[in-house]
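Structure file protein-v2.tsv with TSV, C-alpha atoms and all ligand atoms:
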```
chain	number	residue	atom	x	y	z
A	918	MET	CA	1.12	1.29	-23.44
A	919	LYS	CA	-0.88	1.33	-26.68
A	920	LEU	CA	-4.32	-0.29	-26.76
A	921	GLU	CA	-3.21	-3.02	-29.20
A	922	GLU	CA	-0.24	-3.89	-26.96
A	923	LEU	CA	-2.49	-4.04	-23.92
A	924	ILE	CA	-4.95	-6.31	-25.72
A	925	SER	CA	-2.23	-8.64	-26.95
A	926	GLU	CA	-0.81	-8.95	-23.41
A	927	LEU	CA	-4.26	-9.70	-22.02
A	928	LEU	CA	-4.71	-12.33	-24.71
A	929	MET	CA	-1.71	-14.19	-23.25
A	930	CYS	CA	-3.96	-15.35	-20.39
A	931	ARG	CA	-4.36	-19.14	-20.79
A	932	ARG	CA	-7.57	-19.16	-18.72
A	933	CYS	CA	-6.07	-21.86	-16.51
A	934	GLY	CA	-7.76	-20.43	-13.42
A	935	LEU	CA	-4.73	-20.93	-11.17
A	936	CYS	CA	-5.23	-17.34	-10.01
A	937	ARG	CA	-8.50	-18.33	-8.33
A	938	ASP	CA	-7.67	-20.56	-5.38
A	939	PRO	CA	-4.37	-22.45	-5.66
A	940	ILE	CA	-2.94	-24.69	-2.95
A	941	ASP	CA	0.83	-25.00	-2.51
A	942	VAL	CA	1.66	-26.69	0.77
A	943	GLU	CA	5.40	-25.99	0.49
A	944	HIS	CA	4.86	-22.20	0.53
A	945	GLY	CA	1.85	-22.27	2.85
A	946	ILE	CA	-0.42	-21.11	0.02
A	947	ASP	CA	-4.08	-21.89	0.48
A	948	GLY	CA	-5.76	-19.44	-1.90
A	949	THR	CA	-4.39	-16.38	-3.63
A	950	CYS	CA	-6.99	-13.80	-4.55
A	951	PRO	CA	-8.41	-12.02	-1.49
A	952	ILE	CA	-11.39	-10.79	-3.51
A	953	TRP	CA	-12.40	-14.23	-4.73
A	954	ARG	CA	-12.29	-15.62	-1.20
A	955	ASN	CA	-14.43	-12.85	0.22
A	956	SER	CA	-17.01	-11.86	-2.35
A	957	THR	CA	-19.67	-13.25	-4.62
A	958	GLY	CA	-17.88	-16.16	-6.23
A	959	PHE	CA	-18.53	-14.82	-9.71
A	960	GLU	CA	-15.86	-15.30	-12.37
A	961	THR	CA	-15.26	-11.51	-12.38
A	962	ASP	CA	-14.02	-11.73	-8.79
A	963	PHE	CA	-10.59	-13.06	-9.73
A	964	ALA	CA	-8.05	-12.30	-12.42
A	965	ARG	CA	-9.21	-14.68	-15.17
A	966	GLY	CA	-12.70	-13.17	-15.28
A	967	LYS	CA	-11.43	-9.60	-15.01
A	968	ILE	CA	-9.13	-10.20	-17.95
A	969	GLN	CA	-12.04	-11.48	-20.04
A	970	VAL	CA	-14.19	-8.45	-19.09
A	971	ALA	CA	-11.28	-6.13	-19.89
A	972	LEU	CA	-10.78	-7.73	-23.28
A	973	ALA	CA	-14.49	-7.53	-24.13
A	974	LEU	CA	-14.66	-3.86	-23.08
A	975	LEU	CA	-11.44	-2.83	-24.80
A	976	GLN	CA	-12.36	-4.65	-28.00
A	977	GLY	CA	-15.85	-3.13	-27.96
A	978	ASN	CA	-17.58	-6.51	-27.65
A	979	LEU	CA	-19.47	-5.67	-24.48
A	980	ASP	CA	-21.98	-2.93	-23.75
A	981	VAL	CA	-20.75	-0.80	-20.89
A	982	ALA	CA	-22.77	-1.68	-17.81
A	983	PRO	CA	-21.60	-0.01	-14.58
A	984	GLU	CA	-21.38	-3.32	-12.69
A	985	MET	CA	-19.15	-4.81	-15.41
A	986	ALA	CA	-16.81	-1.82	-15.49
A	987	GLU	CA	-16.75	-1.67	-11.69
A	988	SER	CA	-15.73	-5.33	-11.43
A	989	LEU	CA	-12.36	-4.22	-12.83
A	990	TYR	CA	-11.91	-2.02	-9.76
A	991	ARG	CA	-12.90	-4.75	-7.29
A	992	CYS	CA	-9.26	-5.79	-6.95
A	993	THR	CA	-6.56	-4.60	-4.58
A	994	LEU	CA	-3.87	-4.78	-7.30
A	995	CYS	CA	-1.94	-6.92	-4.83
A	996	ASN	CA	-0.42	-8.97	-7.68
A	997	SER	CA	-0.59	-12.13	-5.65
A	998	CYS	CA	-2.02	-13.78	-8.77
A	999	GLY	CA	0.78	-12.32	-10.91
A	1000	VAL	CA	3.39	-14.13	-8.80
A	1001	ILE	CA	1.93	-17.56	-9.56
A	1002	CYS	CA	0.55	-16.95	-13.08
A	1003	PRO	CA	2.08	-19.62	-15.39
A	1004	ALA	CA	1.73	-17.26	-18.37
A	1005	GLY	CA	3.97	-14.76	-16.56
A	1006	LEU	CA	1.34	-12.02	-16.64
A	1007	GLU	CA	1.98	-9.05	-14.37
A	1008	VAL	CA	-1.71	-8.97	-13.59
A	1009	ALA	CA	-1.76	-5.90	-11.30
A	1010	LYS	CA	0.19	-3.81	-13.80
A	1011	LEU	CA	-2.08	-4.93	-16.62
A	1012	LEU	CA	-5.26	-4.21	-14.69
A	1013	GLU	CA	-3.91	-0.78	-13.80
A	1014	LYS	CA	-3.41	-0.08	-17.51
A	1015	VAL	CA	-6.91	-1.37	-18.22
A	1016	ARG	CA	-8.29	0.97	-15.56
A	1017	GLU	CA	-6.44	3.86	-17.18
A	1018	PHE	CA	-8.14	3.12	-20.47
A	1019	VAL	CA	-11.56	2.51	-18.91
A	1020	SER	CA	-11.43	5.62	-16.68
A	1021	SER	CA	-10.35	7.91	-19.52
A	1022	LYS	CA	-12.56	6.56	-22.29
A	1023	ILE	CA	-15.33	4.28	-21.08
A	1024	TYR	CA	-16.64	4.72	-17.54
A	1025	VAL	CA	-15.99	6.74	-14.38
A	1026	SER	CA	-17.83	5.80	-11.20
A	1027	GLU	CA	-19.12	8.52	-8.91
A	1028	LYS	CA	-16.78	7.39	-6.11
A	1029	HIS	CA	-13.73	7.72	-8.36
A	1030	ALA	CA	-14.82	11.19	-9.43
A	1031	VAL	CA	-15.19	12.24	-5.77
A	1032	ILE	CA	-11.68	10.95	-4.94
A	1033	ALA	CA	-10.15	12.87	-7.83
A	1034	GLU	CA	-12.06	16.05	-6.92
A	1035	SER	CA	-11.05	15.74	-3.28
A	1036	ILE	CA	-7.37	15.50	-4.20
A	1037	GLU	CA	-7.68	18.43	-6.59
A	1038	LYS	CA	-9.39	20.57	-3.93
A	1039	TYR	CA	-7.86	19.40	-0.62
A	1040	GLY	CA	-4.69	17.52	-1.56
A	1041	ASN	CA	-6.00	14.28	-0.02
A	1042	PRO	CA	-8.65	11.69	-0.96
A	1043	TYR	CA	-10.50	12.04	2.37
A	1044	LEU	CA	-12.40	15.30	1.72
A	1045	THR	CA	-10.43	16.82	4.61
A	1046	PRO	CA	-9.35	20.47	4.63
A	1047	PRO	CA	-5.56	20.78	4.18
A	1048	ASP	CA	-5.05	22.55	7.53
A	1049	LYS	CA	-5.96	19.27	9.30
A	1050	ARG	CA	-3.06	17.43	7.69
A	1051	PHE	CA	-0.44	18.33	10.28
A	1052	GLU	CA	-2.70	18.52	13.33
A	1053	TRP	CA	-0.76	15.57	14.79
A	1054	LEU	CA	2.43	17.68	14.78
A	1055	GLY	CA	0.82	20.73	16.43
A	1056	LYS	CA	3.05	23.75	16.98
A	1057	ASP	CA	6.15	21.76	16.02
A	1058	LEU	CA	5.19	22.17	12.36
A	1059	SER	CA	6.37	25.80	12.42
A	1060	LYS	CA	9.73	24.65	13.85
A	1061	MET	CA	10.42	22.38	10.87
A	1062	PRO	CA	13.26	23.83	8.77
A	1063	ASP	CA	12.74	24.91	5.15
A	1064	GLU	CA	15.77	22.89	4.07
A	1065	ALA	CA	17.16	19.57	5.29
A	1066	GLU	CA	19.06	16.47	4.14
A	1067	ILE	CA	15.97	14.31	4.43
A	1068	VAL	CA	12.28	14.88	3.77
A	1069	TYR	CA	9.84	12.80	5.78
A	1070	PHE	CA	6.89	12.43	3.36
A	1071	VAL	CA	4.07	11.60	5.77
A	1072	GLY	CA	1.26	10.80	3.29
A	1073	CYS	CA	-2.51	11.33	3.46
A	1074	THR	CA	-3.41	8.11	5.26
A	1075	THR	CA	-0.69	8.36	7.90
A	1076	SER	CA	-1.54	12.02	8.58
A	1077	LEU	CA	-5.31	11.69	8.61
A	1078	ARG	CA	-6.02	8.09	9.66
A	1079	THR	CA	-3.01	6.74	11.60
A	1080	PRO	CA	-1.18	9.83	12.97
A	1081	GLU	CA	0.35	7.68	15.73
A	1082	ILE	CA	2.69	6.28	13.04
A	1083	ALA	CA	3.79	9.80	12.09
A	1084	LYS	CA	4.36	10.74	15.74
A	1085	ALA	CA	6.44	7.60	16.29
A	1086	THR	CA	8.52	8.35	13.19
A	1087	VAL	CA	9.24	11.92	14.25
A	1088	LYS	CA	10.16	10.73	17.75
A	1089	ILE	CA	12.77	8.32	16.31
A	1090	LEU	CA	14.12	10.87	13.82
A	1091	ASN	CA	14.59	13.37	16.67
A	1092	SER	CA	16.14	10.74	18.98
A	1093	THR	CA	18.69	9.77	16.33
A	1094	GLY	CA	19.58	13.40	15.53
A	1095	THR	CA	18.48	13.03	11.90
A	1096	ASP	CA	18.51	16.24	9.84
A	1097	PHE	CA	14.99	16.12	8.47
A	1098	THR	CA	11.95	18.20	7.64
A	1099	VAL	CA	8.39	17.69	6.42
A	1100	LEU	CA	6.69	19.38	3.46
A	1101	LYS	CA	4.51	22.05	5.05
A	1102	ASN	CA	2.43	22.11	1.86
A	1103	GLU	CA	2.44	18.30	1.52
A	1104	TRP	CA	0.03	17.04	-1.14
A	1105	CYS	CA	-1.27	13.59	-2.04
A	1106	CYS	CA	1.48	11.54	-3.72
A	1107	GLY	CA	-1.00	10.50	-6.44
A	1108	SER	CA	-0.81	6.76	-5.75
A	1109	ILE	CA	-4.58	6.31	-5.48
A	1110	LEU	CA	-5.09	8.32	-8.70
A	1111	LEU	CA	-2.69	6.10	-10.58
A	1112	ARG	CA	-4.22	2.90	-9.19
A	1113	ILE	CA	-7.75	3.88	-10.23
A	1114	GLY	CA	-6.61	4.89	-13.70
A	1115	PHE	CA	-6.44	8.70	-13.40
A	1116	ARG	CA	-2.97	8.96	-14.90
A	1117	ASN	CA	-3.05	12.63	-15.93
A	1118	GLU	CA	-4.26	13.69	-12.49
A	1119	ALA	CA	-1.54	11.50	-10.93
A	1120	ILE	CA	1.10	13.27	-13.02
A	1121	LYS	CA	-0.15	16.66	-11.76
A	1122	ALA	CA	0.04	15.45	-8.15
A	1123	ALA	CA	3.53	14.02	-8.73
A	1124	GLU	CA	4.77	17.31	-10.19
A	1125	LYS	CA	3.53	19.20	-7.13
A	1126	VAL	CA	5.20	16.80	-4.72
A	1127	VAL	CA	8.52	16.77	-6.59
A	1128	LYS	CA	8.59	20.58	-6.71
A	1129	ALA	CA	8.00	20.77	-2.95
A	1130	ILE	CA	10.74	18.20	-2.27
A	1131	GLU	CA	13.18	20.02	-4.55
A	1132	SER	CA	12.61	23.27	-2.64
A	1133	THR	CA	14.04	21.64	0.52
A	1134	GLY	CA	17.29	20.59	-1.18
A	1135	ALA	CA	16.81	17.07	0.24
A	1136	LYS	CA	18.48	14.17	-1.48
A	1137	THR	CA	16.59	11.49	0.42
A	1138	VAL	CA	12.85	11.07	0.98
A	1139	ILE	CA	11.47	8.62	3.52
A	1140	THR	CA	7.87	7.46	3.62
A	1141	SER	CA	5.68	5.68	6.19
A	1142	CYS	CA	3.22	4.48	3.59
A	1143	ALA	CA	4.00	1.54	1.33
A	1144	GLY	CA	1.79	3.17	-1.35
A	1145	CYS	CA	3.68	6.48	-1.20
A	1146	PHE	CA	6.96	4.53	-1.26
A	1147	ARG	CA	6.03	2.65	-4.40
A	1148	VAL	CA	4.69	5.62	-6.31
A	1149	LEU	CA	7.60	7.93	-5.41
A	1150	LYS	CA	10.28	5.32	-6.02
A	1151	TYR	CA	8.98	3.43	-9.03
A	1152	ASP	CA	6.16	5.42	-10.67
A	1153	TYR	CA	7.53	8.97	-10.49
A	1154	PRO	CA	10.58	8.17	-12.65
A	1155	GLU	CA	8.24	6.56	-15.17
A	1156	LEU	CA	5.80	9.50	-15.10
A	1157	LEU	CA	8.29	12.39	-14.84
A	1158	GLY	CA	11.78	11.06	-15.63
A	1159	ASP	CA	14.68	11.22	-13.16
A	1160	VAL	CA	13.58	12.97	-9.96
A	1161	GLY	CA	17.02	13.42	-8.39
A	1162	PHE	CA	16.35	12.04	-4.92
A	1163	GLU	CA	16.54	8.63	-3.27
A	1164	VAL	CA	13.34	7.14	-1.84
A	1165	LEU	CA	13.39	4.85	1.19
A	1166	HIS	CA	10.63	3.36	3.25
A	1167	THR	CA	11.02	4.26	6.94
A	1168	THR	CA	11.83	0.63	7.77
A	1169	GLN	CA	14.71	0.73	5.27
A	1170	PHE	CA	16.00	4.01	6.65
A	1171	LEU	CA	15.80	2.84	10.27
A	1172	ASP	CA	17.42	-0.49	9.44
A	1173	LYS	CA	20.27	1.45	7.82
A	1174	LEU	CA	20.66	3.56	10.99
A	1175	LEU	CA	20.63	0.34	13.05
A	1176	LYS	CA	23.40	-1.20	10.95
A	1177	GLU	CA	25.47	2.01	11.15
A	1178	GLY	CA	25.14	1.97	14.94
A	1179	LYS	CA	23.09	5.19	14.95
A	1180	LEU	CA	19.91	3.56	16.27
A	1181	GLU	CA	19.89	1.59	19.50
A	1182	LEU	CA	16.90	-0.48	20.46
A	1183	GLY	CA	15.96	-1.64	23.95
A	1184	LYS	CA	13.35	-3.85	25.56
A	1185	LEU	CA	9.55	-3.81	25.48
A	1186	SER	CA	8.08	-3.43	28.96
A	1187	GLU	CA	5.77	-6.44	28.38
A	1188	HIS	CA	6.49	-9.64	26.49
A	1189	MET	CA	4.94	-9.71	23.00
A	1190	ARG	CA	4.51	-12.61	20.59
A	1191	ALA	CA	4.04	-11.09	17.15
A	1192	THR	CA	3.97	-11.84	13.45
A	1193	TYR	CA	4.54	-9.58	10.46
A	1194	HIS	CA	2.24	-8.91	7.50
A	1195	ASP	CA	4.08	-7.91	4.29
A	1196	PRO	CA	2.32	-4.87	2.75
A	1197	CYS	CA	1.87	-5.56	-0.99
A	1198	HIS	CA	3.28	-2.22	-2.17
A	1199	LEU	CA	6.35	-2.66	0.03
A	1200	GLY	CA	6.91	-6.39	-0.40
A	1201	ARG	CA	5.67	-7.85	-3.66
A	1202	HIS	CA	5.84	-4.53	-5.53
A	1203	GLY	CA	8.89	-3.03	-3.78
A	1204	MET	CA	10.92	-6.14	-2.81
A	1205	VAL	CA	11.40	-4.84	0.75
A	1206	TYR	CA	11.12	-7.92	2.93
A	1207	GLU	CA	14.11	-8.11	5.27
A	1208	GLU	CA	14.48	-4.60	6.71
A	1209	PRO	CA	11.21	-4.59	8.71
A	1210	ARG	CA	11.98	-8.12	9.95
A	1211	ASN	CA	15.49	-7.10	11.00
A	1212	LEU	CA	14.12	-4.19	13.04
A	1213	ILE	CA	11.55	-6.46	14.69
A	1214	LYS	CA	14.23	-9.03	15.56
A	1215	HIS	CA	16.32	-6.35	17.30
A	1216	ILE	CA	13.53	-5.50	19.76
A	1217	SER	CA	14.05	-7.33	23.05
A	1218	ASN	CA	11.16	-9.09	24.76
A	1219	LEU	CA	9.50	-9.54	21.36
A	1220	GLU	CA	9.07	-13.11	20.18
A	1221	PHE	CA	8.79	-13.08	16.39
A	1222	VAL	CA	7.00	-15.82	14.48
A	1223	GLU	CA	6.48	-15.95	10.69
A	1224	MET	CA	3.00	-16.44	9.33
A	1225	ALA	CA	2.45	-18.56	6.24
A	1226	PRO	CA	2.36	-17.62	3.46
A	1227	ASN	CA	4.72	-14.67	3.67
A	1228	ARG	CA	6.95	-12.41	1.55
A	1229	GLN	CA	6.02	-12.68	-2.17
A	1230	PHE	CA	3.17	-15.09	-1.41
A	1231	SER	CA	1.65	-12.96	1.38
A	1232	ILE	CA	-2.11	-12.39	1.18
A	1233	CYS	CA	-3.18	-8.74	0.89
A	1234	CYS	CA	-4.79	-6.94	3.87
A	1235	GLY	CA	-7.62	-5.84	1.57
A	1236	ALA	CA	-7.01	-2.08	1.60
A	1237	GLY	CA	-4.95	-1.59	-1.57
A	1238	GLY	CA	-5.71	-0.58	-5.13
A	1239	GLY	CA	-8.38	1.88	-3.96
A	1240	LEU	CA	-10.56	-0.89	-2.46
A	1241	LYS	CA	-10.64	0.61	1.05
A	1242	LEU	CA	-12.11	3.82	-0.34
A	1243	LEU	CA	-14.33	2.17	-2.93
A	1244	GLU	CA	-15.65	-0.90	-1.10
A	1245	GLY	CA	-14.80	-0.45	2.56
A	1246	ALA	CA	-16.90	-3.38	3.81
A	1247	LEU	CA	-15.17	-5.83	1.47
A	1248	ALA	CA	-11.75	-4.48	2.49
A	1249	VAL	CA	-12.56	-5.10	6.17
A	1250	LYS	CA	-13.92	-8.59	5.41
A	1251	ILE	CA	-10.60	-9.47	3.75
A	1252	ALA	CA	-8.63	-8.17	6.76
A	1253	SER	CA	-10.87	-10.15	9.14
A	1254	GLU	CA	-10.29	-13.36	7.18
A	1255	LYS	CA	-6.54	-12.82	7.30
A	1256	ILE	CA	-6.58	-12.30	11.07
A	1257	ARG	CA	-8.79	-15.36	11.59
A	1258	LYS	CA	-6.37	-17.47	9.55
A	1259	ILE	CA	-3.44	-16.58	11.81
A	1260	SER	CA	-5.39	-16.85	15.06
A	1261	ASP	CA	-4.00	-20.33	15.85
A	1262	MET	CA	-0.47	-18.84	16.01
A	1263	LYS	CA	-1.23	-17.67	19.58
A	1264	ILE	CA	0.13	-14.22	18.85
A	1265	ASN	CA	-0.94	-11.10	20.68
A	1266	ALA	CA	0.20	-8.61	18.02
A	1267	LEU	CA	0.09	-8.29	14.26
A	1268	LEU	CA	2.71	-5.94	12.83
A	1269	SER	CA	2.86	-4.24	9.47
A	1270	ALA	CA	4.68	-1.35	7.82
A	1271	CYS	CA	1.96	0.61	6.06
A	1272	PRO	CA	-0.79	2.88	7.41
A	1273	PHE	CA	-3.36	1.33	5.05
A	1274	CYS	CA	-2.70	-2.15	6.45
A	1275	LYS	CA	-2.88	-0.88	10.02
A	1276	TYR	CA	-6.03	1.17	9.41
A	1277	ASN	CA	-7.79	-1.77	7.76
A	1278	PHE	CA	-6.68	-4.38	10.31
A	1279	VAL	CA	-7.75	-2.09	13.17
A	1280	ASP	CA	-11.17	-1.69	11.53
A	1281	ALA	CA	-11.46	-5.48	11.31
A	1282	VAL	CA	-10.39	-6.03	14.93
A	1283	ASN	CA	-12.78	-3.36	16.22
A	1284	ARG	CA	-15.76	-4.61	14.25
A	1285	GLN	CA	-15.24	-8.25	15.20
A	1286	GLU	CA	-13.98	-7.55	18.73
A	1287	MET	CA	-10.86	-9.64	18.11
A	1288	ASP	CA	-8.25	-9.93	20.84
A	1289	ILE	CA	-5.13	-8.85	18.99
A	1290	LYS	CA	-3.14	-5.59	18.88
A	1291	ILE	CA	-2.17	-4.04	15.55
A	1292	TYR	CA	1.04	-2.01	15.29
A	1293	ASP	CA	3.20	-0.48	12.62
A	1294	VAL	CA	6.81	-1.68	13.10
A	1295	VAL	CA	7.87	1.96	13.56
A	1296	GLU	CA	5.55	2.32	16.55
A	1297	LEU	CA	7.35	-0.53	18.32
A	1298	VAL	CA	10.74	0.93	17.40
A	1299	ALA	CA	9.63	4.25	18.93
A	1300	LYS	CA	8.67	2.45	22.17
A	1301	VAL	CA	12.20	1.09	22.64
A	1302	VAL	CA	14.45	3.66	20.96
A	1303	LYS	CA	17.28	4.68	23.30
A	1401	LIG	S1	-3.16	-17.71	-13.71
A	1401	LIG	FE1	-2.57	-16.30	-15.36
A	1401	LIG	S2	-2.93	-17.47	-17.24
A	1401	LIG	FE2	-4.04	-18.56	-15.62
A	1401	LIG	S3	-6.13	-17.69	-15.73
A	1401	LIG	FE3	-5.00	-16.50	-14.17
A	1401	LIG	S4	-4.18	-14.73	-15.31
A	1401	LIG	FE4	-4.80	-16.28	-16.85
A	1402	LIG	S1	-4.23	-8.50	-8.07
A	1402	LIG	FE1	-4.83	-9.45	-6.10
A	1402	LIG	S2	-6.96	-8.83	-5.76
A	1402	LIG	FE2	-6.48	-8.43	-7.94
A	1402	LIG	S3	-7.15	-10.24	-9.02
A	1402	LIG	FE3	-4.99	-10.58	-8.52
A	1402	LIG	S4	-4.96	-11.66	-6.52
A	1402	LIG	FE4	-7.05	-10.82	-6.85
```
Turn this file's structure into structure tokens for me.
Ligand code: SF4
Ligand code: SF4
Amino acid sequence: MKLEELISELLMCRRCGLCRDPIDVEHGIDGTCPIWRNSTGFETDFARGKIQVALALLQGNLDVAPEMAESLYRCTLCNSCGVICPAGLEVAKLLEKVREFVSSKIYVSEKHAVIAESIEKYGNPYLTPPDKRFEWLGKDLSKMPDEAEIVYFVGCTTSLRTPEIAKATVKILNSTGTDFTVLKNEWCCGSILLRIGFRNEAIKAAEKVVKAIESTGAKTVITSCAGCFRVLKYDYPELLGDVGFEVLHTTQFLDKLLKEGKLELGKLSEHMRATYHDPCHLGRHGMVYEEPRNLIKHISNLEFVEMAPNRQFSICCGAGGGLKLLEGALAVKIASEKIRKISDMKINALLSACPFCKYNFVDAVNRQEMDIKIYDVVELVAKVVK
């Protein structure tokens, strides 16, 4: 997008402020922007203020102060505000474009530079040597075939922060006789780079990943991470053109197996009352709402209750858009608020379908000593797969 086009889209903001804290009883909406609700209360902590800062910076009407530029990154890109914006602005997409311009021409924070360097050097944003990536798979990594019908793209966060999700996925794939492999030289998908405005670096990462997938001959790629899912499915074609493989989130793939009669689910050993949190990259950005719910509903001894708001109005867990890496304490505060808001549902488990959501909710629960279990849907499926 050219700078003039970006500016004219930003100028479409009517400054109505609906993106700050709307109430819509019918959809269970009591607030929209997780940042606004959990930070300073300054105008720059919700979309209207960010848009004004972006315009001033892009038009050269504001001296570049680090705190001003950084306010554009204090946003999970959840697009909750974009769903209700009366001007029809796709706020998250716009802010991502703004970040691209700011990061390439105006200001790069030290934390962003470290993330980009870590991915360049280690293939993940966590400054972790690449040989740690498949520790969760142990000796089985060498047994993975070079070619297969399906590639399981594990992702940096699943591998290095929530490996229990990866183990559960592999268990189900083996139980269902799925012809799959992993990328032994798996590299960051580039999602975080794209979200913080490092487009050229994201393209390099995408090229590496696509080349590795192509070498396996796979026509389908499945991902645990909602962020990997979105970038592979929607951003790669935009960055690289047609990539020649189908991308499914694991919940979509498992739901497909369930409907084809290739996945049988049994009963949890203990009764569970649970609700489901829609990950932003999977739900609002990827329109995947029903498949995870269908899997959950097929697990016996699990009582499912919907939280409000849900689906396109769901409130972000706080980890997206680079916030978990850039402002970890704020990300955890957002997750804690979300859990507190659903505490009167008398649930004993909160389910999601993204390692970032799980990682952030677990951090919140541990720090606040909350009495609730956090699971990825795939972990529960693995418990009852026959
Ligand atoms: S809701 Fe849309 S138009 Fe209104 S202030 Fe927010 S971004 Fe601007
Ligand atoms: S995208 Fe999400 S976090 Fe960012 S301004 Fe909008 S509602 Fe707030």
Produce as a ChimeraX atom specification the set of residues near ligand LIG 1402 (chain A), where near means within 8 Å with all atoms listed in the file considered.
-> /A:936-937,949-953,962-965,967,991-999,1008-1009,1012,1233,1235
Protein and nucleic acid residues within 6 Å of ligand LIG 1401 (chain A) (all atoms listed in the file) as an NGL selection string | :A and (930-936 or 964-965 or 1002-1004 or 1006)
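The gap separating atom CA of Glu1163 of chain A from atom CA of Lys1150 of chain A is 7.6 Å, in Å to one decimal.
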Ref. answer, residues at most 8 Å from (4.3, 5.0, 0.2) with only C-alpha atoms, as a PyMOL selection string | chain A and resi 1072+1140-1149+1166+1198-1199+1271
Write out as a PyMOL selection string each polymer residue whose atoms come within 9 Å of segment 1049-1052 of chain A, counting all atoms listed in the file; drop sequence neighbours fewer than 4 positions from it.
-> chain A and resi 1041+1045+1056+1058+1073+1076-1077+1080+1101+1103
Take atom CA of Glu1124 of chain A and atom CA of Leu1157 of chain A and report the distance between them in Å, one decimal.
->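 Atom-to-atom, atom CA of Glu1124 of chain A to atom CA of Leu1157 of chain A, that is 7.6 Å.
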Best match for closeness to Leu1212 of chain A among A:Ile1032, A:Pro1196, A:Asn1265, A:Asp1293, counting only C-alpha atoms =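 Smallest separation from Leu1212 of chain A among the options: A:Asp1293.
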For each of A:Lys1173, A:His1215, A:Lys919, A:Arg1228, take the minimum atom-to-atom distance to Gly1200 of chain A, counting all atoms listed in the file, then give the residue where this is smallest.
-> A:Arg1228
Could you check which of A:Asp1152, A:Val1099, A:Gln1169, A:Leu1268 is closest to Asp1057 of chain A, using all atoms listed in the file?
->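 Among the listed residues, A:Val1099 lies closest to Asp1057 of chain A.
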For Ser1217 of chain A, work out the shell of residues within 12 Å, counting all atoms listed in the file and skipping chain neighbours fewer than 2 positions away, then give it as a PDB file with C-alpha atoms, in the frame of the given file.
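To be explicit, this is the file written out as part25.pdb:
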```pdb
ATOM      1  CA  GLU A1181      19.890   1.590  19.500  1.00  0.00           C
ATOM      2  CA  LEU A1182      16.900  -0.480  20.460  1.00  0.00           C
ATOM      3  CA  GLY A1183      15.960  -1.640  23.950  1.00  0.00           C
ATOM      4  CA  LYS A1184      13.350  -3.850  25.560  1.00  0.00           C
ATOM      5  CA  LEU A1185       9.550  -3.810  25.480  1.00  0.00           C
ATOM      6  CA  SER A1186       8.080  -3.430  28.960  1.00  0.00           C
ATOM      7  CA  GLU A1187       5.770  -6.440  28.380  1.00  0.00           C
ATOM      8  CA  HIS A1188       6.490  -9.640  26.490  1.00  0.00           C
ATOM      9  CA  MET A1189       4.940  -9.710  23.000  1.00  0.00           C
ATOM     10  CA  ARG A1190       4.510 -12.610  20.590  1.00  0.00           C
ATOM     11  CA  LEU A1212      14.120  -4.190  13.040  1.00  0.00           C
ATOM     12  CA  ILE A1213      11.550  -6.460  14.690  1.00  0.00           C
ATOM     13  CA  LYS A1214      14.230  -9.030  15.560  1.00  0.00           C
ATOM     14  CA  HIS A1215      16.320  -6.350  17.300  1.00  0.00           C
ATOM     15  CA  LEU A1219       9.500  -9.540  21.360  1.00  0.00           C
ATOM     16  CA  GLU A1220       9.070 -13.110  20.180  1.00  0.00           C
ATOM     17  CA  PHE A1221       8.790 -13.080  16.390  1.00  0.00           C
ATOM     18  CA  LEU A1297       7.350  -0.530  18.320  1.00  0.00           C
ATOM     19  CA  VAL A1298      10.740   0.930  17.400  1.00  0.00           C
ATOM     20  CA  LYS A1300       8.670   2.450  22.170  1.00  0.00           C
ATOM     21  CA  VAL A1301      12.200   1.090  22.640  1.00  0.00           C
ATOM     22  CA  VAL A1302      14.450   3.660  20.960  1.00  0.00           C
TER      23      VAL A1302
END
```
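Put simply, atom CA of Gly1114 of chain A is 7.0 Å away from atom CA of Lys1014 of chain A.
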